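Asks: My questions will all concern the structure given below.
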Amino acid sequence: MRIDILTIFPEMFQSPFDASIIKRAREKGLVDIHTYNLRDWATDKHKTTDDTPYGGGGGMIMKPEPIFAAVEAIKDEEEIPIILLTPQGRLFTQEVAEELARHDRLLFICGRYEGVDERIRQHLATDEISIGDYVLSGGELAAMVITDAVVRLLPGALGYERAAAEDSHATGLLEGPHYTRPPEFRGWAIPEVLTSGHHAKVAEWRRRQALKRTLERRPDMLARARLSSQDKRWLREMGYAGPFAEED
C-alpha cells in the first residue's frame with residue numbers, strides 16, 4: 001500500500017511514523033508513506049496556502065490552487081481515494097478502516113484553519129472523513145490515526161496475525177480483560193480458567209467477558225454486533241433487554 005499525505009506541517013509525521021507497528025510495516029515494504037508540504041505548490045514568493053474568506057468572517061481558508069496542483073502532480077491521472085480530513089466528514093470506524101485497507105493507495109488532504117475552499121470538496125476530494133465529534137487544529141492528527149488503524153490491518157503488519165481480528169470493535173464488541181504473569185499480584189489472582197489448558201473453556205470465558213464488558217460500557221454496540229444464538233442467551237442471562245432479548 002502507498003499512502004500520500006498533503007499538509008503544511010510535514011514535520012509532525014516524522015516521529016509517529018518512525019516507531020512501532022508503522023515503522024516495522026514500512027521496513028517490511030508493506031506500506032510506503034509519503035508526506036508532502038503543500039507550500040511547495042504555492043505560486044507566490046511567500047508560499048501562501050490560505051487566504052481570507054469571501055463574505056467576511058473570522059479565520060482563514062485554505063486556497064484551492066496549491067491543493068489541486070499537489071494532488072494532480074502526485075496521483076498522475078490514477079484514480080485513487082482522495083480523502084479530505086474534516087469534522088464534516090463521515091465518522092471513522094473500524095469498518096471504514098477495513099474499507100480503506102482494501103485499497104492499494106490512499107491520499108489524505110489535511111485541512112487547517114477554518115477549513116478548505118468548497119471547490120476542493122466539490123471537485124477534488126472523493127471522500128471526507130472525521131475521526132470524532134470534536135475540533136482539532138488540523139487534519140494531521142486525523143491522518144495519523146487513520147494511517148495507524150489501516151496499516152495494522154495489512155497482512156504481515158502485526159506479529160500475531162489474528163490480533164487485528166480480535167481487537168475491540170473488530171468483531172463489533174469490546175475486548176474482555178487480559179492478564180499476564182505473575183498469576184498473583186498483590187493478592188489479586190487471575191481467573192483459574194486461563195491456566196486450565198482447556199482451550200474451549202478459555203474461548204467461552206473470553207467471549208462471555210467481551211459481551212459483559214460491551215454490555216456494561218457500550219450497550220449501544222450490541223444492536224449492531226455479529227451475535228450468535230449462544231451470545232444472545234448469555235446476554236439475556238446478564239440482564240440485557242435489547243432488540244433480540246426475546247429471540248431464541
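Every chain in the C-alpha cells takes a letter, A first, then B, and so on in the order presented; its residues are numbered from 1, and the ligands are numbered from 1 following the presented order.
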Compile the contact shell of stretch 131-144 of chain A as a compact mmCIF listing (two decimals) with C-alpha atoms, in the first residue's frame: residues with an atom at most 7 Å away, counting only C-alpha atoms, same-chain residues fewer than 2 positions apart removed.

Replies:
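Final output, saved to result23.txt:
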```
# COMPACT_ATOMS: atom_id res chain seq x y z
CA LEU A 85 -9.92 15.11 6.69
CA THR A 86 -12.62 17.34 8.11
CA PRO A 87 -15.06 17.42 11.06
CA LEU A 91 -17.31 9.17 11.08
CA PHE A 92 -14.22 6.97 11.08
CA PHE A 108 -5.06 12.38 2.54
CA CYS A 110 -5.03 17.70 5.90
CA GLY A 111 -7.20 20.77 6.37
CA ARG A 112 -6.23 23.69 8.59
CA TYR A 113 -7.66 26.93 9.95
CA ILE A 129 -13.67 11.56 6.98
CA ILE A 146 -6.38 6.64 10.22
CA THR A 147 -2.98 5.57 8.92
CA ASP A 148 -2.29 3.63 12.11
```

Asks: Enumerate, as JSON, numbers by chain, the complete set of residues in stretch 24-89 of chain A that a backbone-based DSSP assignment places in alpha helix (DSSP H).

Replies: {"A": [24, 25, 26, 27, 64, 65, 66, 67, 68, 69, 70, 71, 72, 73, 74, 75]}

Asks: When DSSP works through the backbone of this structure, what residues of stretch 3-213 of chain A end up as strand (DSSP E), shown as a PyMOL selection string?

Replies: chain A and resi 3-7+32-37+50-51+61-62+82-91+105-110+127-130+184-185+188-189

Asks: Could you tell me which of A:Arg217, A:Arg152, A:His199, A:Lys75 comes closest to A:Ser20 if we count only C-alpha atoms?

Replies: A:Arg152

Asks: Env of A:Gly239: 12 Å cut, atoms = only C-alpha atoms, seq-sep filter 4 positions within chain, self excluded. Answer as a PyMOL selection string.

Replies: chain A and resi 211-212+215-216+219+232-235+245-246

Asks: Contacts of A:Ile82 at 9 Å or less, counting only C-alpha atoms, minus same-chain residues fewer than 6 places along, as a list in words?

Replies: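 Skipping anything fewer than 6 positions along the chain leaves Val71, Leu106, Leu107, Phe108, Ile109, Leu124, Ala125, Thr126, Asp127 and Glu128 of chain A.
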
Asks: Have a look at A:Arg24, A:Gly172, A:Ser196, A:Thr180 and name the one nearest to A:Met221; count only C-alpha atoms.

Replies: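 The closest residue to A:Met221 is A:Gly172.
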
Asks: Applying 10 Å and only C-alpha atoms, which residues near A:Met1 remain after dropping the ones on its own chain fewer than 6 positions away? List them as a list in words.

Replies: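 After dropping sequence-adjacent residues, the list is Arg26, Gly29, Leu30, Val31, Asp32, Ile33, Ala101, Arg102, His103, Asp104, Arg105, Leu106, Val150, Val151 and Leu154 of chain A.
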
Asks: Calculate how many Å separate atom CA of A:Tyr36 from atom CA of A:Pro10, rounding to one decimal.

Replies: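 Spanning atom CA of A:Tyr36 to atom CA of A:Pro10 is a straight-line distance of 6.3 Å.
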
Asks: Using only C-alpha atoms, which of A:Gly156, A:Gly115, A:Pro81, A:Gly89 sits nearest A:Ile5?

Replies: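 That would be A:Pro81, the residue with the smallest distance to A:Ile5.
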
Asks: May I ask for the distance between atom CA of A:Ala225 and atom CA of A:Ala157, given in Å to one decimal place?

Replies: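 The value is 25.6 Å.
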
Asks: Which residue out of A:Pro155, A:Arg119, A:Ile80, A:Arg186 has the minimum interatomic distance to A:Ile3 when only C-alpha atoms are used?

Replies: A:Ile80

Asks: To one decimal place in Å, what is the distance between atom CA of A:Thr48 and atom CA of A:Arg121?

Replies: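 Taking atom CA of A:Thr48 as the start and atom CA of A:Arg121 as the end point, the length is 19.8 Å.
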
Asks: Would you mind listing what lies within 12 Å of stretch 187-194 of chain A as JSON, numbers by chain, with only C-alpha atoms counted and same-chain residues fewer than 4 positions away left out?

Replies: {"A": [177, 178, 179, 180, 181, 182, 183, 198, 199, 200, 201, 202, 203, 204, 205, 206, 209]}
